[in-house]
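Asks: The following block contains the structure, expressed as structure tokens.
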Amino acid sequence: MTSNKIPPAPMPQKYSAELVRSDGITLRIIIDEPLRRTETHAHGNITISIVRPDKGIMYSVLPQQSKYMSMPLSPESLSAMTDSNPTDELWTFECNDTINGITVSKYAVFARDVVDPTGYVHVDTTTGLRLKKVTLNSLGDEVLTVKAVNVSYEVPPRDCFEPPADYREVKM
């Protein structure tokens, strides 16, 4: 493991992006800290999660059914959702590179007490956004790549952090 302990830039507080995964799943994320919206497109289905720490709730929206559920949001679950550099990982700076003309810092990611990297993260040196993440298996082979595309740093509309008004709430 290298000793380059240059920390990554902090994540931006307001942005939206599509996260395109090599397994065919696409996520659209909209962040206006601490508010978060994630739209997951997988296997022909769409699910939407809206996290509202200011209200202490999380919405699970089901567009195909025009329904949503609300659930209490614990501080522990919020921390797990928002930690962009988990404490059980060690990041070490590898080099600077470019992705689509953007200067990035490449970090090797190590699980605690593991000698070989478990992946790599490419961080935009200007904004701090994680533009690419590669996950490796125990043999060092790539098993998943996630790329951020269609990135915007504009302030998102406030109503995107609420379920649609015409959707019916379903109680659990």
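Residue numbers start at 1 in each chain; chains themselves are named A, B, ... in the order of the structure tokens; ligands are numbered from 1 in the order shown.
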Contacts of stretch 28-45 of chain A at 6 Å or less, counting only C-alpha atoms, minus same-chain residues fewer than 6 places along, as a list of chain:residue names?

Replies: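 That gives A:Gln13, A:Lys14, A:Tyr15, A:Ser16, A:Ala17, A:Glu18, A:Val51, A:Arg52.
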
Asks: Can you check which residues of chain A DSSP gives as alpha helix (DSSP H) on the backbone and send them as a PyMOL selection string?

Replies: chain A and resi 75-82

Asks: Using only C-alpha atoms, determine which residues lie at most 6 Å from stretch 98-113 of chain A, disregarding the query and same-chain residues fewer than 6 positions distant; provide the list as a VMD selection string.

Replies: chain A and resid 88 to 92 119 to 125

Asks: Which one is closest to A:Ile57: A:Asn96, A:Pro163, A:Leu131, A:Asp141? Count only C-alpha atoms.

Replies: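 Looking only at the distances to A:Ile57, the closest residue turns out to be A:Pro163.
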
Asks: Write out as a ChimeraX atom specification each polymer residue whose atoms come within 10 Å of A:Pro164, counting only C-alpha atoms; drop sequence neighbours fewer than 2 positions from it.

Replies: /A:61,63,66-68,159-162,166-168

Asks: Quick one: write out the picked residues with N, CA and C atoms as a PDB file, in the first residue's frame?

Replies:
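To be explicit, this is the file written out as result.pdb:
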ATOM      1  N   VAL A  61     -40.814   6.040  -3.767  1.00  0.00           N
ATOM      2  CA  VAL A  61     -41.831   6.374  -4.765  1.00  0.00           C
ATOM      3  C   VAL A  61     -41.859   5.285  -5.834  1.00  0.00           C
ATOM      4  N   PRO A  63     -43.309   4.943  -9.358  1.00  0.00           N
ATOM      5  CA  PRO A  63     -43.970   5.646 -10.463  1.00  0.00           C
ATOM      6  C   PRO A  63     -44.952   4.783 -11.253  1.00  0.00           C
ATOM      7  N   SER A  66     -48.100   4.933  -9.268  1.00  0.00           N
ATOM      8  CA  SER A  66     -48.520   6.254  -8.780  1.00  0.00           C
ATOM      9  C   SER A  66     -48.748   6.235  -7.272  1.00  0.00           C
ATOM     10  N   LYS A  67     -47.809   5.591  -6.552  1.00  0.00           N
ATOM     11  CA  LYS A  67     -47.899   5.472  -5.097  1.00  0.00           C
ATOM     12  C   LYS A  67     -46.546   5.807  -4.473  1.00  0.00           C
ATOM     13  N   TYR A  68     -46.591   6.073  -3.165  1.00  0.00           N
ATOM     14  CA  TYR A  68     -45.354   6.249  -2.414  1.00  0.00           C
ATOM     15  C   TYR A  68     -45.562   5.803  -0.970  1.00  0.00           C
ATOM     16  N   ASP A 159     -39.357  21.004  -5.595  1.00  0.00           N
ATOM     17  CA  ASP A 159     -40.421  19.998  -5.632  1.00  0.00           C
ATOM     18  C   ASP A 159     -39.916  18.610  -6.013  1.00  0.00           C
ATOM     19  N   CYS A 160     -38.691  18.493  -6.496  1.00  0.00           N
ATOM     20  CA  CYS A 160     -38.172  17.157  -6.812  1.00  0.00           C
ATOM     21  C   CYS A 160     -37.865  16.365  -5.543  1.00  0.00           C
ATOM     22  N   PHE A 161     -37.915  17.027  -4.390  1.00  0.00           N
ATOM     23  CA  PHE A 161     -37.661  16.354  -3.122  1.00  0.00           C
ATOM     24  C   PHE A 161     -38.950  16.018  -2.373  1.00  0.00           C
ATOM     25  N   GLU A 162     -40.050  15.980  -3.107  1.00  0.00           N
ATOM     26  CA  GLU A 162     -41.354  15.579  -2.565  1.00  0.00           C
ATOM     27  C   GLU A 162     -41.960  14.557  -3.513  1.00  0.00           C
ATOM     28  N   ASP A 166     -50.107  14.095  -6.959  1.00  0.00           N
ATOM     29  CA  ASP A 166     -51.219  13.226  -7.352  1.00  0.00           C
ATOM     30  C   ASP A 166     -50.971  11.745  -7.036  1.00  0.00           C
ATOM     31  N   TYR A 167     -49.862  11.426  -6.370  1.00  0.00           N
ATOM     32  CA  TYR A 167     -49.588  10.035  -5.983  1.00  0.00           C
ATOM     33  C   TYR A 167     -50.261   9.741  -4.643  1.00  0.00           C
ATOM     34  N   ARG A 168     -50.667   8.499  -4.458  1.00  0.00           N
ATOM     35  CA  ARG A 168     -51.349   8.089  -3.235  1.00  0.00           C
ATOM     36  C   ARG A 168     -50.329   7.475  -2.276  1.00  0.00           C
TER      37      ARG A 168
END

Asks: Step one, run DSSP on the backbone; step two, keep only residues of chain A assigned to strand (DSSP E); then write them as a PyMOL selection string.

Replies: chain A and resi 14-21+26-32+35-42+45-52+57-62+67-72+89-99+102-111+119-124+130-136+142-152+168-169

Asks: Kindly export the residues of the current selection with C-alpha atoms, as an mmCIF file, in the first residue's frame.

Replies:
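What ended up in part_5.cif:
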data_model
loop_
_atom_site.group_PDB
_atom_site.id
_atom_site.type_symbol
_atom_site.label_atom_id
_atom_site.label_comp_id
_atom_site.auth_asym_id
_atom_site.auth_seq_id
_atom_site.Cartn_x
_atom_site.Cartn_y
_atom_site.Cartn_z
ATOM 1 C CA LYS A 14 -25.504 20.762 -4.915
ATOM 2 C CA TYR A 15 -25.410 18.711 -8.099
ATOM 3 C CA SER A 16 -27.199 16.202 -10.264
ATOM 4 C CA ALA A 17 -25.754 13.401 -12.375
ATOM 5 C CA GLU A 18 -26.529 10.113 -14.022
ATOM 6 C CA LEU A 19 -24.529 7.195 -12.676
ATOM 7 C CA VAL A 20 -24.112 4.637 -15.440
ATOM 8 C CA ARG A 21 -23.112 1.211 -14.163
ATOM 9 C CA THR A 26 -28.589 3.605 -14.304
ATOM 10 C CA LEU A 27 -29.183 5.972 -11.417
ATOM 11 C CA ARG A 28 -30.119 9.636 -11.585
ATOM 12 C CA ILE A 29 -29.073 11.449 -8.433
ATOM 13 C CA ILE A 30 -30.061 14.938 -7.369
ATOM 14 C CA ILE A 31 -28.353 16.419 -4.322
ATOM 15 C CA ASP A 32 -29.085 19.653 -2.475
ATOM 16 C CA LEU A 35 -31.784 16.585 0.563
ATOM 17 C CA ARG A 36 -31.228 13.651 -1.810
ATOM 18 C CA ARG A 37 -33.203 12.053 -4.616
ATOM 19 C CA THR A 38 -32.158 8.836 -6.359
ATOM 20 C CA GLU A 39 -33.994 7.443 -9.382
ATOM 21 C CA THR A 40 -32.960 3.867 -10.146
ATOM 22 C CA HIS A 41 -33.610 2.431 -13.609
ATOM 23 C CA ALA A 42 -33.097 -1.343 -13.544
ATOM 24 C CA ASN A 45 -38.455 -0.705 -13.536
ATOM 25 C CA ILE A 46 -38.017 2.703 -11.965
ATOM 26 C CA THR A 47 -37.833 3.315 -8.222
ATOM 27 C CA ILE A 48 -37.291 6.676 -6.590
ATOM 28 C CA SER A 49 -35.922 7.330 -3.105
ATOM 29 C CA ILE A 50 -36.191 10.789 -1.595
ATOM 30 C CA VAL A 51 -34.277 11.473 1.618
ATOM 31 C CA ARG A 52 -35.536 14.380 3.768
ATOM 32 C CA ILE A 57 -38.325 10.821 6.657
ATOM 33 C CA MET A 58 -37.480 8.952 3.496
ATOM 34 C CA TYR A 59 -39.954 8.455 0.666
ATOM 35 C CA SER A 60 -39.990 5.404 -1.576
ATOM 36 C CA VAL A 61 -41.831 6.374 -4.765
ATOM 37 C CA LEU A 62 -43.259 3.796 -7.181
ATOM 38 C CA LYS A 67 -47.899 5.472 -5.097
ATOM 39 C CA TYR A 68 -45.354 6.249 -2.414
ATOM 40 C CA MET A 69 -44.451 5.165 1.103
ATOM 41 C CA SER A 70 -42.849 7.248 3.834
ATOM 42 C CA MET A 71 -40.525 5.818 6.461
ATOM 43 C CA PRO A 72 -38.787 7.343 9.475
ATOM 44 C CA GLU A 89 -12.043 2.220 3.490
ATOM 45 C CA LEU A 90 -8.606 3.738 3.077
ATOM 46 C CA TRP A 91 -7.958 5.909 0.019
ATOM 47 C CA THR A 92 -4.446 6.508 -1.261
ATOM 48 C CA PHE A 93 -3.568 8.949 -4.017
ATOM 49 C CA GLU A 94 -2.209 7.245 -7.140
ATOM 50 C CA CYS A 95 -1.874 9.957 -9.808
ATOM 51 C CA ASN A 96 -3.606 12.756 -11.685
ATOM 52 C CA ASP A 97 -5.381 11.856 -14.917
ATOM 53 C CA THR A 98 -8.112 13.183 -17.207
ATOM 54 C CA ILE A 99 -11.606 11.861 -17.911
ATOM 55 C CA ILE A 102 -11.622 16.914 -16.759
ATOM 56 C CA THR A 103 -8.603 16.685 -14.465
ATOM 57 C CA VAL A 104 -9.125 13.990 -11.850
ATOM 58 C CA SER A 105 -7.147 12.530 -8.985
ATOM 59 C CA LYS A 106 -7.083 8.744 -9.045
ATOM 60 C CA TYR A 107 -7.244 7.023 -5.662
ATOM 61 C CA ALA A 108 -6.710 3.358 -4.878
ATOM 62 C CA VAL A 109 -9.330 2.153 -2.411
ATOM 63 C CA PHE A 110 -8.385 -0.414 0.219
ATOM 64 C CA ALA A 111 -10.610 -2.233 2.668
ATOM 65 C CA GLY A 119 -11.025 -0.562 -6.412
ATOM 66 C CA TYR A 120 -10.222 2.889 -7.727
ATOM 67 C CA VAL A 121 -12.022 6.227 -7.528
ATOM 68 C CA HIS A 122 -11.428 9.154 -9.901
ATOM 69 C CA VAL A 123 -12.237 12.485 -8.213
ATOM 70 C CA ASP A 124 -12.749 15.762 -10.117
ATOM 71 C CA ARG A 130 -16.501 11.178 -7.920
ATOM 72 C CA LEU A 131 -16.567 10.804 -11.727
ATOM 73 C CA LYS A 132 -15.644 7.130 -11.942
ATOM 74 C CA LYS A 133 -15.441 4.204 -9.544
ATOM 75 C CA VAL A 134 -14.052 0.788 -10.393
ATOM 76 C CA THR A 135 -14.648 -2.164 -8.066
ATOM 77 C CA LEU A 136 -12.234 -5.104 -8.178
ATOM 78 C CA GLU A 142 -12.854 -5.313 -12.624
ATOM 79 C CA VAL A 143 -16.340 -6.419 -11.592
ATOM 80 C CA LEU A 144 -18.212 -3.107 -11.659
ATOM 81 C CA THR A 145 -17.575 0.339 -13.105
ATOM 82 C CA VAL A 146 -19.734 3.372 -12.325
ATOM 83 C CA LYS A 147 -19.361 6.600 -14.324
ATOM 84 C CA ALA A 148 -20.973 9.978 -13.605
ATOM 85 C CA VAL A 149 -22.322 11.622 -16.777
ATOM 86 C CA ASN A 150 -24.632 14.545 -17.583
ATOM 87 C CA VAL A 151 -23.414 16.362 -14.473
ATOM 88 C CA SER A 152 -25.011 19.685 -13.507
ATOM 89 C CA ARG A 168 -51.349 8.089 -3.235
ATOM 90 C CA GLU A 169 -49.525 7.295 0.006
#

Asks: By how many Å are atom CA of A:Thr118 and atom CA of A:Leu139 apart?

Replies: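 A separation of 9.6 Å between them.
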
Asks: Work out how far apart atom CA of A:Gly128 and atom CA of A:Met11 are and give it in Å to one decimal.

Replies: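 Atom CA of A:Met11 lies at a distance of 4.7 Å from atom CA of A:Gly128.
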